[in-house]
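Here's the structure, in structure tokens; my notes come after.
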Amino acid sequence: MQRRERFLAALKRAPVDRPPVWLMRQAGRYLPEYRAVRAVHGFWEVCQTPELSTKVALEPLRKFALDAAIVFSDILVIPQALGAGVSFEKGEGPVFTKTLRTRDDLRGWHTNNLIDRLQFLPNAVKHLSHALENQWGLLGFAGAPFTLFSYCVEGGGSDDFRLARSLMATDPGLARDTLNVLADAAAELCLAQLSAGADAVQLFDTWGGLLTREDYRAFALPALNRAAAAIRKSGKPVMLFIKGGMHLLEVLRDVEVDGISLDWRTSFAEARRALPGKILQGQIDPVLLFASEAIVRERTKQLLSELDALPDGGAQGCIVNLGHGILPATPEANVAALCAEVAAHAH
Ligand code: CP3
């Protein structure tokens with residue numbers, strides 16, 4: 001099977017010769033070519049210049065046996081376009097100049113013509129789509145509402161996002177209204193990427209696993225479903241990544257996305273049992289890529305046999321990926337070994 005054909009078949013849960021593979025953060029700092037581009041261009045400049053964005057998105061496809069590309073962007077383009085003033089230049093995670101803590105802060109968000117200020121992202125998708133010549137699948141993405149909310153309230157990264165989660169408890173009305181604004185922005189941005197040529201989109205709920213089942217159901221899920229329902233009108237699939245979401249599998253039965261991207265602690269077998277009919281993606285531990293090449297090959301083979309043995313269709317409807325993004329110091333040879341092992345599994 002050809003790469004894009006395999007990726008599209010997996011998204012339809014149709015038969016495949018082997019599961020397709022792509023890796024979260026496959027274009028990034030572990031690649032010297034990416035670091036070389038960043039040495040001369042700012043992060044937002046790369047995102048907003050189609051030639052640069054395409055260049056860094058193509059780099060991993062040249063090197064590794066991957067079946068799909070992901071457009072080069074960031075989930076924080078939405079807070080940035082809302083006026084939060086997001087920068088990465090200090091190399092210690094994102095920093096916001098404006099946080100959202102009050103009703104007035106929400107009123108101050110620049111929601112008018114939001115999609116116009118985000119036009120660079122569908123433009124990047126269009127540019128990348130031409131370069132791929134239909135040979136690779138193409139993913140667009142956006143932040144899931146709760147994860148965007150967490151960054152906006154906290155004003156950057158955090159271990160526990162205590163300000164964001166305590167705001168949900170102290171002012172649930174403000175939290176819900178904010179989540180809805182973010183849901184609508186994410187949906188509009190995903191639809192624009194799908195119209196520009198993306199085959200599917202992924203919503204990243206990196207911090208969703210911090211919530212109890214009750215809070216996920218009460219706050220994150222309604223906003224997620226608001227976004228997912230709007231995106232699915234396009235007829236194209238929506239994937240959802242959650243980190244640390246093993247306690248949420250039961251709640252995810254009610255999520256209106258087509259597939260779930262599992263983190264490294266959540267097994268395919270449990271997920272298939274809890275979520276019959278969903279596309280499943282994941283979940284090799286990104287830290288494993290710091291072990292030896294032989295171990296990477298062995299664990300990848302193990303995962304592939306686990307997929308073949310799954311109830312309800314085996315590896316059909318499965319996509320191999322990591323359980324979280326590739327870490328910056330990851331050795332390239334191990335990324336190559338993982339992809340080569342998946343490619344060798346065809347039957
Ligand atoms: O190939 C790809 O997947 C690249 C596209 C991509 C980036 N960010 C580029 C990026 C994607 C899909 C993301 C998603 C993203 N961004 C998430 C969800 C996935 C996850 O990792 O949990 C989150 C939470 C963010 C927010 C974010 N952006 C952080 C926390 C940081 C700084 C820390 C870090 O890992 O560098 C970023 C910046 C960022 N986004 C970089 C890249 C390549 C590094 C910036 C640089 O070049 O200095």
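Lettering and numbering for the structure tokens are positional, with chains as A, B, ... in the shown order, residues counted from 1 in each chain, and ligands counted from 1 in the shown order.
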As a quick test: using only C-alpha atoms and all ligand atoms, which residues lie no more than 6 Å away from ligand 1? Give them as a list of chain:residue names.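 Checked against 6 Å with only C-alpha atoms and all ligand atoms; the hits are A:Met24, A:Arg25, A:Gln26, A:Ala27, A:Gly28, A:Arg29, A:Phe43, A:Ile70, A:Phe72, A:Ser73, A:Asp74, A:Ile75, A:Phe88, A:Gly91, A:Gly93, A:Pro94, A:Phe204, A:Thr206, A:Gly325.
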Write the residues of the selection above to a file with N, CA, C and O atoms, as a PDB file, in the first residue's frame.
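The file below, selection-v4.pdb, is the result:
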ATOM      1  N   MET A  24       4.240  12.085  17.197  1.00  0.00           N
ATOM      2  CA  MET A  24       3.968  13.421  17.710  1.00  0.00           C
ATOM      3  C   MET A  24       5.276  14.177  17.877  1.00  0.00           C
ATOM      4  O   MET A  24       6.242  13.622  18.378  1.00  0.00           O
ATOM      5  N   ARG A  25       5.290  15.419  17.443  1.00  0.00           N
ATOM      6  CA  ARG A  25       6.478  16.277  17.453  1.00  0.00           C
ATOM      7  C   ARG A  25       7.590  15.737  16.567  1.00  0.00           C
ATOM      8  O   ARG A  25       8.780  15.887  16.874  1.00  0.00           O
ATOM      9  N   GLN A  26       7.178  15.085  15.442  1.00  0.00           N
ATOM     10  CA  GLN A  26       8.202  14.497  14.556  1.00  0.00           C
ATOM     11  C   GLN A  26       9.106  15.557  13.922  1.00  0.00           C
ATOM     12  O   GLN A  26      10.242  15.254  13.546  1.00  0.00           O
ATOM     13  N   ALA A  27       8.599  16.787  13.798  1.00  0.00           N
ATOM     14  CA  ALA A  27       9.473  17.898  13.376  1.00  0.00           C
ATOM     15  C   ALA A  27       9.788  18.689  14.628  1.00  0.00           C
ATOM     16  O   ALA A  27       8.897  19.228  15.250  1.00  0.00           O
ATOM     17  N   GLY A  28      11.045  18.727  15.029  1.00  0.00           N
ATOM     18  CA  GLY A  28      11.330  19.465  16.255  1.00  0.00           C
ATOM     19  C   GLY A  28      12.799  19.471  16.585  1.00  0.00           C
ATOM     20  O   GLY A  28      13.636  19.141  15.743  1.00  0.00           O
ATOM     21  N   ARG A  29      13.077  19.841  17.830  1.00  0.00           N
ATOM     22  CA  ARG A  29      14.458  20.136  18.206  1.00  0.00           C
ATOM     23  C   ARG A  29      15.427  18.969  18.187  1.00  0.00           C
ATOM     24  O   ARG A  29      16.632  19.164  18.226  1.00  0.00           O
ATOM     25  N   PHE A  43      10.441  31.334  16.340  1.00  0.00           N
ATOM     26  CA  PHE A  43       9.445  30.254  16.280  1.00  0.00           C
ATOM     27  C   PHE A  43       8.198  30.679  15.511  1.00  0.00           C
ATOM     28  O   PHE A  43       7.738  29.980  14.608  1.00  0.00           O
ATOM     29  N   ILE A  70       2.639  16.118   9.751  1.00  0.00           N
ATOM     30  CA  ILE A  70       1.790  17.016  10.540  1.00  0.00           C
ATOM     31  C   ILE A  70       2.272  18.423  10.239  1.00  0.00           C
ATOM     32  O   ILE A  70       3.478  18.668  10.158  1.00  0.00           O
ATOM     33  N   PHE A  72       3.484  22.090  10.525  1.00  0.00           N
ATOM     34  CA  PHE A  72       4.280  22.695  11.588  1.00  0.00           C
ATOM     35  C   PHE A  72       3.589  23.947  12.097  1.00  0.00           C
ATOM     36  O   PHE A  72       3.374  24.909  11.363  1.00  0.00           O
ATOM     37  N   SER A  73       3.226  23.896  13.380  1.00  0.00           N
ATOM     38  CA  SER A  73       2.522  25.003  14.027  1.00  0.00           C
ATOM     39  C   SER A  73       2.628  24.786  15.522  1.00  0.00           C
ATOM     40  O   SER A  73       3.519  24.074  15.972  1.00  0.00           O
ATOM     41  N   ASP A  74       1.738  25.348  16.300  1.00  0.00           N
ATOM     42  CA  ASP A  74       1.686  25.062  17.730  1.00  0.00           C
ATOM     43  C   ASP A  74       0.257  25.215  18.216  1.00  0.00           C
ATOM     44  O   ASP A  74      -0.518  25.981  17.628  1.00  0.00           O
ATOM     45  N   ILE A  75      -0.071  24.526  19.308  1.00  0.00           N
ATOM     46  CA  ILE A  75      -1.430  24.675  19.841  1.00  0.00           C
ATOM     47  C   ILE A  75      -1.659  26.100  20.374  1.00  0.00           C
ATOM     48  O   ILE A  75      -2.785  26.546  20.464  1.00  0.00           O
ATOM     49  N   PHE A  88       8.324  31.822  23.136  1.00  0.00           N
ATOM     50  CA  PHE A  88       9.064  30.605  23.500  1.00  0.00           C
ATOM     51  C   PHE A  88      10.552  30.895  23.557  1.00  0.00           C
ATOM     52  O   PHE A  88      11.337  29.980  23.686  1.00  0.00           O
ATOM     53  N   GLY A  91      13.405  29.395  25.881  1.00  0.00           N
ATOM     54  CA  GLY A  91      13.738  27.970  25.864  1.00  0.00           C
ATOM     55  C   GLY A  91      13.263  27.203  27.088  1.00  0.00           C
ATOM     56  O   GLY A  91      13.685  26.097  27.338  1.00  0.00           O
ATOM     57  N   GLY A  93       9.831  26.669  27.866  1.00  0.00           N
ATOM     58  CA  GLY A  93       8.384  26.556  27.737  1.00  0.00           C
ATOM     59  C   GLY A  93       7.791  27.911  27.429  1.00  0.00           C
ATOM     60  O   GLY A  93       8.481  28.931  27.459  1.00  0.00           O
ATOM     61  N   PRO A  94       6.496  27.920  27.117  1.00  0.00           N
ATOM     62  CA  PRO A  94       5.843  29.164  26.688  1.00  0.00           C
ATOM     63  C   PRO A  94       5.674  30.165  27.827  1.00  0.00           C
ATOM     64  O   PRO A  94       5.489  29.774  28.980  1.00  0.00           O
ATOM     65  N   PHE A 204      -5.206  18.285  20.771  1.00  0.00           N
ATOM     66  CA  PHE A 204      -4.259  17.898  21.825  1.00  0.00           C
ATOM     67  C   PHE A 204      -4.791  18.312  23.186  1.00  0.00           C
ATOM     68  O   PHE A 204      -4.841  19.503  23.501  1.00  0.00           O
ATOM     69  N   THR A 206      -3.366  17.717  26.199  1.00  0.00           N
ATOM     70  CA  THR A 206      -2.182  17.285  26.949  1.00  0.00           C
ATOM     71  C   THR A 206      -2.417  17.272  28.461  1.00  0.00           C
ATOM     72  O   THR A 206      -1.894  16.406  29.154  1.00  0.00           O
ATOM     73  N   GLY A 325       4.982  13.568  22.808  1.00  0.00           N
ATOM     74  CA  GLY A 325       5.909  14.068  21.796  1.00  0.00           C
ATOM     75  C   GLY A 325       7.345  13.578  21.965  1.00  0.00           C
ATOM     76  O   GLY A 325       7.782  13.291  23.078  1.00  0.00           O
TER      77      GLY A 325
END
I want to know what sits within 8 Å of Phe149 (chain A), based on only C-alpha atoms, with residues of the same chain fewer than 3 positions away left out; could you give that as a tab-separated table (two decimals) with all heavy atoms, in the first residue's frame?
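Result written to result-v7.tsv:
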chain	number	residue	atom	x	y	z
A	145	PRO	N	-9.95	22.40	24.02
A	145	PRO	CA	-10.32	23.56	24.83
A	145	PRO	C	-9.72	23.57	26.24
A	145	PRO	O	-9.19	24.59	26.68
A	145	PRO	CB	-11.86	23.48	24.86
A	145	PRO	CG	-12.22	22.73	23.62
A	145	PRO	CD	-11.11	21.79	23.34
A	146	PHE	N	-9.78	22.43	26.96
A	146	PHE	CA	-9.29	22.46	28.35
A	146	PHE	C	-7.79	22.76	28.42
A	146	PHE	O	-7.35	23.52	29.29
A	146	PHE	CB	-9.62	21.16	29.10
A	146	PHE	CG	-8.95	21.14	30.45
A	146	PHE	CD1	-9.38	22.00	31.46
A	146	PHE	CD2	-7.85	20.33	30.69
A	146	PHE	CE1	-8.74	22.04	32.69
A	146	PHE	CE2	-7.19	20.37	31.92
A	146	PHE	CZ	-7.64	21.22	32.92
A	152	CYS	N	-3.90	29.48	29.20
A	152	CYS	CA	-4.35	30.88	29.23
A	152	CYS	C	-4.48	31.38	30.66
A	152	CYS	O	-4.14	32.53	30.95
A	152	CYS	CB	-5.70	31.03	28.52
A	152	CYS	SG	-5.58	30.79	26.75
A	153	VAL	N	-4.99	30.55	31.57
A	153	VAL	CA	-5.17	30.98	32.95
A	153	VAL	C	-3.82	31.04	33.66
A	153	VAL	O	-3.49	32.02	34.33
A	153	VAL	CB	-6.14	30.04	33.71
A	153	VAL	CG1	-6.23	30.45	35.18
A	153	VAL	CG2	-7.51	30.06	33.06
A	164	ALA	N	-5.57	27.37	36.96
A	164	ALA	CA	-6.63	27.02	36.00
A	164	ALA	C	-7.68	26.12	36.66
A	164	ALA	O	-8.88	26.37	36.55
A	164	ALA	CB	-6.01	26.30	34.80
A	178	THR	N	-15.29	30.61	28.90
A	178	THR	CA	-13.96	30.66	28.28
A	178	THR	C	-13.72	29.40	27.44
A	178	THR	O	-13.23	29.47	26.31
A	178	THR	CB	-12.88	30.78	29.38
A	178	THR	OG1	-13.20	31.90	30.20
A	178	THR	CG2	-11.51	30.96	28.78
A	179	LEU	N	-14.08	28.24	28.01
A	179	LEU	CA	-13.91	26.98	27.28
A	179	LEU	C	-14.70	27.00	25.97
A	179	LEU	O	-14.23	26.49	24.95
A	179	LEU	CB	-14.36	25.80	28.16
A	179	LEU	CG	-13.37	25.40	29.26
A	179	LEU	CD1	-14.05	24.56	30.35
A	179	LEU	CD2	-12.20	24.62	28.66
A	182	LEU	N	-12.87	29.03	23.37
A	182	LEU	CA	-11.72	28.27	22.87
A	182	LEU	C	-12.16	27.11	21.98
A	182	LEU	O	-11.52	26.80	20.97
A	182	LEU	CB	-10.88	27.77	24.05
A	182	LEU	CG	-10.19	28.89	24.85
A	182	LEU	CD1	-9.66	28.38	26.18
A	182	LEU	CD2	-9.06	29.53	24.02
Selected residue of minimal separation from Leu106 (chain A) among A:Cys318, A:Leu128, A:Leu82, A:Ala329, counting only C-alpha atoms: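 Closest to Leu106 (chain A) of all the choices is A:Leu82.
Distance-wise, CA of Ala291 (chain A) and CA of Leu322 (chain A) end up 14.5 Å apart.
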Enumerate, as a ChimeraX atom specification, the complete set of residues in region 35-207 of chain A that a backbone-based DSSP assignment places in alpha helix (DSSP H). /A:35-40,43-48,50-63,77-82,103-107,114-117,120-132,145-154,162-170,172-195
Near Arg217 (chain A), counting only C-alpha atoms, which residues have an atom at most 10 Å away, once you skip same-chain residues fewer than 3 positions from it, shown as a PyMOL selection string? chain A and resi 211-214+220-223+248+251-252+254-255
Could you tell me how far CA of Leu304 (chain A) sits from CA of Asp199 (chain A), in Å to one decimal place? 24.1 Å
May I have the residues within 12 Å of Gln302 (chain A) as a list in words, using only C-alpha atoms and disregarding those fewer than 3 positions away in the same chain?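 Returned residues: Gln283, Ile284, Ile295, Val296, Arg297, Glu298, Arg299, Ser305, Glu306, Leu307, Asp308, Ala309, Val320, Leu338, Glu341, Val342 and His345 of chain A.
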Among the residues of region 35-216 of chain A, find those DSSP assigns to strand (DSSP E) from the backbone and print them as a PyMOL selection string. chain A and resi 68-70+86-87+95-96+137-143+200-205
Go ahead and write the residues just picked, all heavy atoms, as a CSV table (one decimal), in the first residue's frame.
chain,number,residue,atom,x,y,z
A,68,ALA,N,2.7,9.8,7.5
A,68,ALA,CA,1.9,11.0,7.5
A,68,ALA,C,2.8,12.2,7.9
A,68,ALA,O,3.7,12.0,8.7
A,68,ALA,CB,0.7,10.9,8.3
A,69,ALA,N,2.4,13.3,7.5
A,69,ALA,CA,3.1,14.6,7.9
A,69,ALA,C,2.1,15.3,8.8
A,69,ALA,O,0.9,15.1,8.7
A,69,ALA,CB,3.4,15.5,6.7
A,70,ILE,N,2.6,16.1,9.8
A,70,ILE,CA,1.8,17.0,10.5
A,70,ILE,C,2.3,18.4,10.2
A,70,ILE,O,3.5,18.7,10.2
A,70,ILE,CB,1.8,16.7,12.1
A,70,ILE,CG1,0.9,17.7,12.9
A,70,ILE,CG2,3.2,16.6,12.6
A,70,ILE,CD1,0.5,17.2,14.2
A,86,VAL,N,2.3,35.3,23.4
A,86,VAL,CA,3.0,34.1,23.8
A,86,VAL,C,4.4,34.1,23.1
A,86,VAL,O,4.5,34.3,22.0
A,86,VAL,CB,2.2,32.9,23.2
A,86,VAL,CG1,2.8,31.6,23.7
A,86,VAL,CG2,0.7,32.9,23.7
A,87,SER,N,5.4,33.8,24.0
A,87,SER,CA,6.7,33.6,23.4
A,87,SER,C,7.4,32.4,23.9
A,87,SER,O,7.1,31.9,25.0
A,87,SER,CB,7.6,34.8,23.7
A,87,SER,OG,7.8,34.9,25.1
A,95,VAL,N,5.7,31.4,27.5
A,95,VAL,CA,5.5,32.5,28.5
A,95,VAL,C,4.4,33.5,27.9
A,95,VAL,O,4.5,33.9,26.7
A,95,VAL,CB,6.8,33.3,28.8
A,95,VAL,CG1,6.5,34.4,29.8
A,95,VAL,CG2,7.9,32.4,29.3
A,96,PHE,N,3.4,33.7,28.7
A,96,PHE,CA,2.3,34.6,28.2
A,96,PHE,C,2.5,36.0,28.9
A,96,PHE,O,2.8,36.1,30.0
A,96,PHE,CB,0.9,34.1,28.7
A,96,PHE,CG,0.4,32.9,27.9
A,96,PHE,CD1,1.2,31.8,27.6
A,96,PHE,CD2,-1.0,32.8,27.5
A,96,PHE,CE1,0.7,30.7,26.9
A,96,PHE,CE2,-1.5,31.7,26.9
A,96,PHE,CZ,-0.6,30.7,26.6
A,137,GLY,N,0.0,11.1,4.1
A,137,GLY,CA,-1.2,11.6,4.8
A,137,GLY,C,-0.8,13.0,5.3
A,137,GLY,O,0.4,13.3,5.5
A,138,LEU,N,-1.8,13.8,5.6
A,138,LEU,CA,-1.5,15.1,6.2
A,138,LEU,C,-2.5,15.5,7.3
A,138,LEU,O,-3.7,15.4,7.1
A,138,LEU,CB,-1.6,16.2,5.1
A,138,LEU,CG,-1.5,17.7,5.4
A,138,LEU,CD1,-0.3,18.0,6.3
A,138,LEU,CD2,-1.5,18.5,4.2
A,139,LEU,N,-1.9,15.8,8.5
A,139,LEU,CA,-2.7,16.1,9.6
A,139,LEU,C,-2.6,17.6,10.0
A,139,LEU,O,-1.5,18.2,9.9
A,139,LEU,CB,-2.1,15.4,10.9
A,139,LEU,CG,-2.6,14.0,11.1
A,139,LEU,CD1,-1.5,13.2,11.8
A,139,LEU,CD2,-3.8,14.0,12.0
A,140,GLY,N,-3.7,18.1,10.3
A,140,GLY,CA,-3.8,19.5,10.9
A,140,GLY,C,-4.0,19.3,12.4
A,140,GLY,O,-4.3,18.2,12.8
A,141,PHE,N,-4.0,20.3,13.2
A,141,PHE,CA,-4.2,20.2,14.6
A,141,PHE,C,-4.6,21.5,15.3
A,141,PHE,O,-4.4,22.6,14.7
A,141,PHE,CB,-3.0,19.5,15.3
A,141,PHE,CG,-1.8,20.4,15.5
A,141,PHE,CD1,-1.6,21.1,16.6
A,141,PHE,CD2,-0.9,20.5,14.5
A,141,PHE,CE1,-0.4,21.9,16.8
A,141,PHE,CE2,0.3,21.3,14.6
A,141,PHE,CZ,0.5,22.0,15.8
A,142,ALA,N,-5.1,21.3,16.5
A,142,ALA,CA,-5.4,22.5,17.4
A,142,ALA,C,-5.3,22.0,18.8
A,142,ALA,O,-5.4,20.8,19.1
A,142,ALA,CB,-6.7,23.0,17.1
A,143,GLY,N,-5.2,22.9,19.7
A,143,GLY,CA,-5.3,22.5,21.2
A,143,GLY,C,-6.7,22.2,21.5
A,143,GLY,O,-7.7,22.8,21.0
A,200,ALA,N,-7.1,14.9,8.1
A,200,ALA,CA,-7.7,14.7,9.4
A,200,ALA,C,-7.1,15.7,10.4
A,200,ALA,O,-6.1,16.4,10.0
A,200,ALA,CB,-7.3,13.3,10.0
A,201,VAL,N,-7.7,15.9,11.5
A,201,VAL,CA,-7.1,16.8,12.5
A,201,VAL,C,-7.0,16.1,13.9
A,201,VAL,O,-7.7,15.2,14.1
A,201,VAL,CB,-7.9,18.1,12.7
A,201,VAL,CG1,-7.8,19.0,11.5
A,201,VAL,CG2,-9.4,17.8,13.1
A,202,GLN,N,-6.0,16.6,14.6
A,202,GLN,CA,-5.9,16.0,16.0
A,202,GLN,C,-6.0,17.2,17.0
A,202,GLN,O,-5.4,18.2,16.8
A,202,GLN,CB,-4.5,15.3,16.1
A,202,GLN,CG,-4.3,14.8,17.6
A,202,GLN,CD,-3.3,13.6,17.6
A,202,GLN,OE1,-3.5,12.7,16.8
A,202,GLN,NE2,-2.4,13.6,18.5
A,203,LEU,N,-6.8,16.9,18.0
A,203,LEU,CA,-7.0,17.9,19.1
A,203,LEU,C,-6.0,17.4,20.2
A,203,LEU,O,-6.1,16.2,20.6
A,203,LEU,CB,-8.4,18.0,19.6
A,203,LEU,CG,-9.4,18.5,18.6
A,203,LEU,CD1,-10.8,18.3,19.0
A,203,LEU,CD2,-9.1,20.0,18.4
A,204,PHE,N,-5.2,18.3,20.8
A,204,PHE,CA,-4.3,17.9,21.8
A,204,PHE,C,-4.8,18.3,23.2
A,204,PHE,O,-4.8,19.5,23.5
A,204,PHE,CB,-2.9,18.6,21.6
A,204,PHE,CG,-2.1,17.9,20.5
A,204,PHE,CD1,-2.2,18.4,19.2
A,204,PHE,CD2,-1.3,16.8,20.7
A,204,PHE,CE1,-1.4,17.8,18.1
A,204,PHE,CE2,-0.5,16.3,19.7
A,204,PHE,CZ,-0.6,16.8,18.4
A,205,ASP,N,-5.2,17.3,24.0
A,205,ASP,CA,-5.6,17.6,25.4
A,205,ASP,C,-4.5,17.1,26.3
A,205,ASP,O,-4.7,16.2,27.1
A,205,ASP,CB,-7.0,17.0,25.7
A,205,ASP,CG,-7.7,17.8,26.8
A,205,ASP,OD1,-7.1,18.8,27.3
A,205,ASP,OD2,-8.8,17.5,27.1
With only C-alpha atoms as the basis for distance, which of A:Ala315, A:Leu52, A:Ala230, A:Ala294 is at the shortest distance from Ala10 (chain A)?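 Answer, going by the shortest atom-to-atom distance: A:Ala315.
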Among listed residues A:Gln281, A:Thr97, A:Gln135, A:Thr170, nearest Trp22 (chain A) (using only C-alpha atoms):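 Result for the nearest residue to Trp22 (chain A): A:Gln281.
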What's around Lys243 (chain A) at 10 Å? Count only C-alpha atoms, leave out sequence neighbours fewer than 4 positions away in its own chain, and write the answer as a tab-separated table (two decimals) with N, CA and C atoms, in the first residue's frame.
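Output file around_39.tsv is given in full below:
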chain	number	residue	atom	x	y	z
A	204	PHE	N	-5.21	18.28	20.77
A	204	PHE	CA	-4.26	17.90	21.83
A	204	PHE	C	-4.79	18.31	23.19
A	205	ASP	N	-5.19	17.31	24.00
A	205	ASP	CA	-5.60	17.61	25.38
A	205	ASP	C	-4.52	17.10	26.32
A	206	THR	N	-3.37	17.72	26.20
A	206	THR	CA	-2.18	17.29	26.95
A	206	THR	C	-2.42	17.27	28.46
A	207	TRP	N	-3.20	18.21	28.96
A	207	TRP	CA	-3.36	18.32	30.42
A	207	TRP	C	-4.70	17.79	30.90
A	208	GLY	N	-5.50	17.21	30.01
A	208	GLY	CA	-6.82	16.66	30.38
A	208	GLY	C	-6.73	15.62	31.49
A	209	GLY	N	-5.63	14.88	31.53
A	209	GLY	CA	-5.46	13.82	32.53
A	209	GLY	C	-5.34	14.34	33.96
A	210	LEU	N	-5.16	15.65	34.13
A	210	LEU	CA	-5.09	16.22	35.49
A	210	LEU	C	-6.47	16.23	36.15
A	261	SER	N	-5.80	9.07	20.78
A	261	SER	CA	-4.37	8.87	20.80
A	261	SER	C	-3.98	8.63	22.26
A	262	LEU	N	-3.48	7.41	22.54
A	262	LEU	CA	-3.24	6.96	23.92
A	262	LEU	C	-1.85	7.37	24.38
A	263	ASP	N	-1.71	7.68	25.65
A	263	ASP	CA	-0.37	7.95	26.16
A	263	ASP	C	0.30	6.61	26.49
A	264	TRP	N	1.56	6.64	26.89
A	264	TRP	CA	2.34	5.41	27.04
A	264	TRP	C	1.89	4.51	28.19
A	265	ARG	N	1.01	5.07	29.08
A	265	ARG	CA	0.57	4.25	30.21
A	265	ARG	C	-0.78	3.58	29.96
A	266	THR	N	-1.40	3.89	28.83
A	266	THR	CA	-2.74	3.36	28.55
A	266	THR	C	-2.61	2.28	27.47
A	323	GLY	N	3.54	7.81	22.84
A	323	GLY	CA	2.54	8.15	23.84
A	323	GLY	C	2.59	9.61	24.25
A	324	HIS	N	3.58	10.35	23.74
A	324	HIS	CA	3.67	11.81	23.90
A	324	HIS	C	4.72	12.25	22.89
Rank nothing, just name the residue among A:Leu189, A:Val71, A:Leu288, A:Ile260 nearest to Glu51 (chain A), using only C-alpha atoms.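 Checking each of A:Leu189, A:Val71, A:Leu288, A:Ile260 against Glu51 (chain A), counting only C-alpha atoms, the winner is A:Val71.
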Gap from CA of Ser234 (chain A) to CA of Ala192 (chain A) - Å, one decimal: 10.1 Å
I need the residue nearest Leu100 (chain A) from this list: A:Glu154, A:Glu188, A:Asp215, A:Asp17. Use only C-alpha atoms for the distance. A:Glu154
Distance criterion (only C-alpha atoms): nearest to Leu23 (chain A) out of A:Asn134, A:Phe120, A:Ala65, A:Phe161: A:Ala65
